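File shown: run-v9.txt. Contents: compact mmCIF, C-alpha atoms.
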# COMPACT_ATOMS: atom_id res chain seq x y z
CA MET A 1498 -18.47 -10.00 29.03
CA GLN A 1499 -19.48 -6.80 27.30
CA GLY A 1500 -20.87 -4.10 29.56
CA HIS A 1501 -21.86 -0.48 29.40
CA GLY A 1502 -19.30 2.15 30.15
CA LYS A 1503 -19.61 5.80 30.96
CA LYS A 1504 -21.47 8.47 29.00
CA MET A 1505 -19.43 10.51 26.56
CA CYS A 1506 -19.76 14.30 26.48
CA ASN A 1507 -21.74 14.03 23.24
CA GLY A 1508 -24.30 11.84 25.00
CA GLY A 1509 -23.18 8.53 23.50
CA ALA A 1510 -22.44 5.60 25.78
CA THR A 1511 -19.21 3.66 25.53
CA VAL A 1512 -18.82 -0.09 25.80
CA ARG A 1513 -16.15 -2.07 27.57
CA ILE A 1514 -14.64 -4.96 25.67
CA TYR A 1515 -12.01 -7.48 26.62
CA LEU A 1516 -9.55 -8.58 23.97
CA THR A 1517 -6.41 -10.65 24.03
CA ILE A 1518 -4.14 -8.85 21.57
CA ASN A 1519 -0.96 -10.75 20.71
CA ASN A 1520 -1.34 -12.83 23.89
CA ARG A 1521 -1.80 -9.75 26.08
CA LYS A 1522 -5.16 -9.30 27.82
CA ARG A 1523 -6.64 -5.83 27.31
CA ASP A 1524 -9.61 -4.10 28.95
CA ILE A 1525 -10.77 -1.50 26.42
CA GLU A 1526 -13.40 1.22 26.53
CA THR A 1527 -14.64 2.22 23.09
CA MET A 1528 -17.64 3.47 21.19
CA PRO A 1529 -20.26 0.84 20.25
CA GLY A 1530 -19.74 1.36 16.51
CA ALA A 1531 -15.93 1.34 16.57
CA VAL A 1532 -14.24 -1.04 14.18
CA LEU A 1533 -11.44 -3.32 15.27
CA TYR A 1534 -8.87 -1.42 13.18
CA ASP A 1535 -9.47 1.78 15.18
CA VAL A 1536 -9.30 -0.05 18.52
CA LEU A 1537 -6.01 -1.70 17.55
CA LYS A 1538 -4.55 1.66 16.52
CA ASP A 1539 -5.71 3.17 19.83
CA CYS A 1540 -3.90 0.30 21.57
CA GLY A 1541 -0.65 1.25 19.83
CA ILE A 1542 -0.57 -1.51 17.22
CA SER A 1543 1.34 0.06 14.34
CA SER A 1544 1.47 -2.77 11.79
CA VAL A 1545 -2.23 -2.79 10.92
CA LYS A 1546 -2.84 -0.64 7.86
CA LYS A 1547 -6.02 0.65 6.28
CA SER A 1548 -6.61 1.22 2.61
CA CYS A 1549 -10.10 0.71 1.22
CA GLY A 1550 -12.14 0.82 4.44
CA THR A 1551 -14.65 -1.59 2.87
CA ALA A 1552 -13.09 -5.03 3.50
CA ASN A 1553 -12.10 -5.47 -0.14
CA CYS A 1554 -8.31 -5.19 -0.22
CA GLY A 1555 -6.95 -7.26 2.70
CA VAL A 1556 -4.49 -4.60 3.84
CA CYS A 1557 -6.12 -4.38 7.28
CA THR A 1558 -6.21 -8.16 7.83
CA VAL A 1559 -5.68 -9.47 11.36
CA LEU A 1560 -6.30 -12.91 12.80
CA LEU A 1561 -9.34 -13.34 15.03
CA ASP A 1562 -9.07 -16.65 16.85
CA GLY A 1563 -6.63 -17.67 14.11
CA LYS A 1564 -8.85 -16.77 11.14
CA PRO A 1565 -8.15 -13.80 8.84
CA ILE A 1566 -10.68 -10.97 9.04
CA PRO A 1567 -10.76 -7.39 7.70
CA SER A 1568 -10.29 -5.19 10.77
CA CYS A 1569 -11.49 -2.07 8.93
CA SER A 1570 -15.08 -3.28 8.87
CA TYR A 1571 -15.30 -5.73 11.78
CA LEU A 1572 -17.09 -4.23 14.78
CA ALA A 1573 -14.77 -4.26 17.77
CA ALA A 1574 -17.64 -5.23 20.09
CA LYS A 1575 -18.05 -8.48 18.11
CA ALA A 1576 -14.46 -9.37 19.04
CA ASP A 1577 -15.20 -9.12 22.76
CA GLY A 1578 -13.56 -11.98 24.65
CA ARG A 1579 -11.57 -13.18 21.64
CA GLN A 1580 -7.93 -13.49 20.57
CA VAL A 1581 -6.64 -10.91 18.06
CA THR A 1582 -3.26 -11.49 16.42
CA THR A 1583 -1.35 -8.91 14.42
CA ILE A 1584 2.03 -9.30 12.74
CA GLU A 1585 3.69 -8.32 16.04
CA GLY A 1586 2.26 -11.49 17.58
CA VAL A 1587 3.73 -13.85 14.98
CA GLN A 1588 6.97 -12.06 14.17
CA GLU A 1589 9.19 -15.14 13.86
CA GLU A 1590 6.83 -16.90 11.46
CA ALA A 1591 6.22 -13.68 9.52
CA ASP A 1592 9.97 -13.20 9.14
CA LYS A 1593 10.24 -16.66 7.52
CA ILE A 1594 7.62 -15.83 4.92
CA GLY A 1595 8.94 -12.30 4.46
CA ASN A 1596 12.44 -13.61 3.75
CA MET A 1597 11.06 -16.00 1.14
CA MET A 1598 9.12 -13.15 -0.44
CA ASN A 1599 12.29 -11.05 -0.58
CA GLN A 1600 14.17 -13.95 -2.22
CA GLU A 1601 11.44 -14.15 -4.87
CA GLY A 1602 11.40 -10.39 -5.47
CA ALA A 1603 7.81 -10.24 -4.24
CA THR A 1604 8.00 -7.24 -1.91
CA GLN A 1605 8.07 -3.69 -3.09
CA CYS A 1606 6.42 -0.96 -1.01
CA GLY A 1607 5.40 -3.33 1.81
CA PHE A 1608 2.05 -1.65 2.54
CA CYS A 1609 0.05 -4.84 2.01
CA THR A 1610 2.64 -7.17 3.54
CA PRO A 1611 1.40 -7.50 7.17
CA GLY A 1612 -2.14 -8.46 6.11
CA PHE A 1613 -0.82 -10.76 3.39
CA LEU A 1614 1.57 -12.55 5.78
CA LEU A 1615 -1.16 -13.06 8.38
CA THR A 1616 -3.40 -14.58 5.71
CA VAL A 1617 -0.60 -16.94 4.65
CA ILE A 1618 -0.05 -18.01 8.28
CA ALA A 1619 -3.77 -18.73 8.67
CA MET A 1620 -3.74 -20.69 5.40
CA LYS A 1621 -0.81 -22.80 6.60
CA ASN A 1622 -2.73 -23.63 9.78
CA GLU A 1623 -5.92 -24.48 7.88
CA LEU A 1624 -4.85 -26.23 4.67
CA ASN A 1625 -2.61 -29.27 4.31
CA HIS A 1626 -0.62 -29.48 1.09
CA PRO A 1627 -2.74 -26.94 -0.82
CA THR A 1628 -2.71 -26.88 -4.59
CA GLU A 1629 -1.78 -23.74 -6.49
CA ASP A 1630 -5.47 -23.06 -7.11
CA GLU A 1631 -6.28 -23.48 -3.40
CA ILE A 1632 -3.51 -21.01 -2.51
CA LYS A 1633 -4.78 -18.49 -5.06
CA ASN A 1634 -8.34 -18.91 -3.78
CA TYR A 1635 -7.30 -18.42 -0.15
CA LEU A 1636 -5.34 -15.26 -0.97
CA VAL A 1637 -7.97 -13.75 -3.29
CA GLY A 1638 -8.88 -10.98 -0.83
CA ASN A 1639 -5.31 -9.64 -0.53
CA LEU A 1640 -4.56 -7.00 -3.12
CA CYS A 1641 -1.07 -5.78 -3.97
CA ARG A 1642 -0.82 -2.77 -6.22
CA CYS A 1643 2.92 -3.21 -6.81
CA SER A 1644 3.40 -6.79 -7.92
CA GLY A 1645 2.09 -9.22 -10.47
CA TYR A 1646 1.61 -11.87 -7.76
CA GLN A 1647 3.92 -14.44 -9.36
CA GLY A 1648 6.74 -13.77 -6.88
CA GLN A 1649 4.29 -13.88 -3.99
CA LEU A 1650 2.86 -17.17 -5.25
CA ARG A 1651 6.34 -18.71 -5.57
CA ALA A 1652 7.23 -17.54 -2.04
CA VAL A 1653 4.02 -18.93 -0.55
CA GLN A 1654 4.49 -22.26 -2.30
CA LYS A 1655 8.05 -22.45 -0.99
CA TYR A 1656 6.91 -21.51 2.51
CA MET A 1657 4.13 -24.10 2.53
CA GLU A 1658 6.62 -26.82 1.58
CA VAL A 1659 9.36 -25.70 3.98
CA SER A 1660 7.07 -25.16 6.95
CA LYS A 1661 5.40 -28.58 6.93
Show me, as structure tokens, the structure contained in the file I just sent.
Amino acid sequence: MQGHGKKMCNGGATVRIYLTINNRKRDIETMPGAVLYDVLKDCGISSVKKSCGTANCGVCTVLLDGKPIPSCSYLAAKADGRQVTTIEGVQEEADKIGNMMNQEGATQCGFCTPGFLLTVIAMKNELNHPTEDEIKNYLVGNLCRCSGYQGQLRAVQKYMEVSK
């Protein structure tokens, strides 16, 4: 599906990619080396955050065909023809988890929350009745600089039981 676009004034060629973002088909012209995070921002997606820029913190997490990926380092051209989901695309489910996190005192600044919630949603869809160790392992790439993770762990465990 990927094709060549027009030449940019600096001599670089653009590429055309086709994404389905939150169930909405998009025809996007971008630079060949653009990362998915930048394309999503250019498309007006405000929930995706960027922190480390090296795929180490999980803040920029989005779902690509239902699997969590770091959008800050994933080439947008590799996502051509695929489904991208941000927190806006799963708002009802995210609200459930978010409410449980609030009840457990697990949210503070909220910067990492969208990526964290998307990872939890993917985990729910992938793992049946995960153990505490499996939950911790699945969430290992999501860093929170505000909490000690115990409230988040309690909220995720509650969510996994309630949502089954």
List as a PDB file with C-alpha atoms, in the frame of the given file the residues having at least one atom at most 12 Å from position (-12.7, -1.4, 2.7) as given in the file, counting all atoms listed in the file.
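Below you can see selection.pdb, which holds the result:
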ATOM      1  CA  VAL A1532     -14.240  -1.040  14.180  1.00  0.00           C
ATOM      2  CA  TYR A1534      -8.870  -1.420  13.180  1.00  0.00           C
ATOM      3  CA  LYS A1546      -2.840  -0.640   7.860  1.00  0.00           C
ATOM      4  CA  LYS A1547      -6.020   0.650   6.280  1.00  0.00           C
ATOM      5  CA  SER A1548      -6.610   1.220   2.610  1.00  0.00           C
ATOM      6  CA  CYS A1549     -10.100   0.710   1.220  1.00  0.00           C
ATOM      7  CA  GLY A1550     -12.140   0.820   4.440  1.00  0.00           C
ATOM      8  CA  THR A1551     -14.650  -1.590   2.870  1.00  0.00           C
ATOM      9  CA  ALA A1552     -13.090  -5.030   3.500  1.00  0.00           C
ATOM     10  CA  ASN A1553     -12.100  -5.470  -0.140  1.00  0.00           C
ATOM     11  CA  CYS A1554      -8.310  -5.190  -0.220  1.00  0.00           C
ATOM     12  CA  GLY A1555      -6.950  -7.260   2.700  1.00  0.00           C
ATOM     13  CA  VAL A1556      -4.490  -4.600   3.840  1.00  0.00           C
ATOM     14  CA  CYS A1557      -6.120  -4.380   7.280  1.00  0.00           C
ATOM     15  CA  THR A1558      -6.210  -8.160   7.830  1.00  0.00           C
ATOM     16  CA  ILE A1566     -10.680 -10.970   9.040  1.00  0.00           C
ATOM     17  CA  PRO A1567     -10.760  -7.390   7.700  1.00  0.00           C
ATOM     18  CA  SER A1568     -10.290  -5.190  10.770  1.00  0.00           C
ATOM     19  CA  CYS A1569     -11.490  -2.070   8.930  1.00  0.00           C
ATOM     20  CA  SER A1570     -15.080  -3.280   8.870  1.00  0.00           C
ATOM     21  CA  TYR A1571     -15.300  -5.730  11.780  1.00  0.00           C
ATOM     22  CA  GLY A1638      -8.880 -10.980  -0.830  1.00  0.00           C
ATOM     23  CA  ASN A1639      -5.310  -9.640  -0.530  1.00  0.00           C
ATOM     24  CA  LEU A1640      -4.560  -7.000  -3.120  1.00  0.00           C
TER      25      LEU A1640
END
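Counting only C-alpha atoms, the residue from A:Leu1650, A:Cys1606, A:Ile1632, A:Ile1594 that sits nearest to Ile1618 of chain A is A:Ile1594.
From atom CA of Lys1564 of chain A back to atom CA of Glu1526 of chain A, the distance works out to 24.1 Å.
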Q: Excluding Leu1572 of chain A and residues on its chain fewer than 4 positions from it, collect all residues at most 7 Å away from it, counting only C-alpha atoms, and give them as a ChimeraX atom specification.
A: /A:1530-1533
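By chain and then residue number, the residues within 9 Å of Thr1527 of chain A are A:Gly1502, A:Ala1510, A:Thr1511, A:Val1512, A:Arg1513, A:Ile1514, A:Gly1530, A:Ala1531, A:Val1536, A:Ala1573, A:Ala1574, counting all atoms listed in the file and disregarding those fewer than 3 positions away in sequence.
Closest to Val1653 of chain A among A:His1626, A:Lys1538, A:Arg1579, A:Lys1522 is A:His1626, based on only C-alpha atoms.
Counting all atoms listed in the file and comparing A:Glu1590, A:Glu1658, A:Asp1535, A:Glu1601, the residue that lies closest to Ala1619 of chain A is A:Glu1590.
Computed from the coordinates, the atom CA of Thr1610 of chain A to atom CA of Pro1529 of chain A distance equals 29.5 Å.
Minimum atom-to-atom distances from A:Lys1621, A:Ile1584, A:Asn1596, A:Ile1525 to Cys1609 of chain A were compared using only C-alpha atoms, and the lowest value belongs to A:Ile1584.
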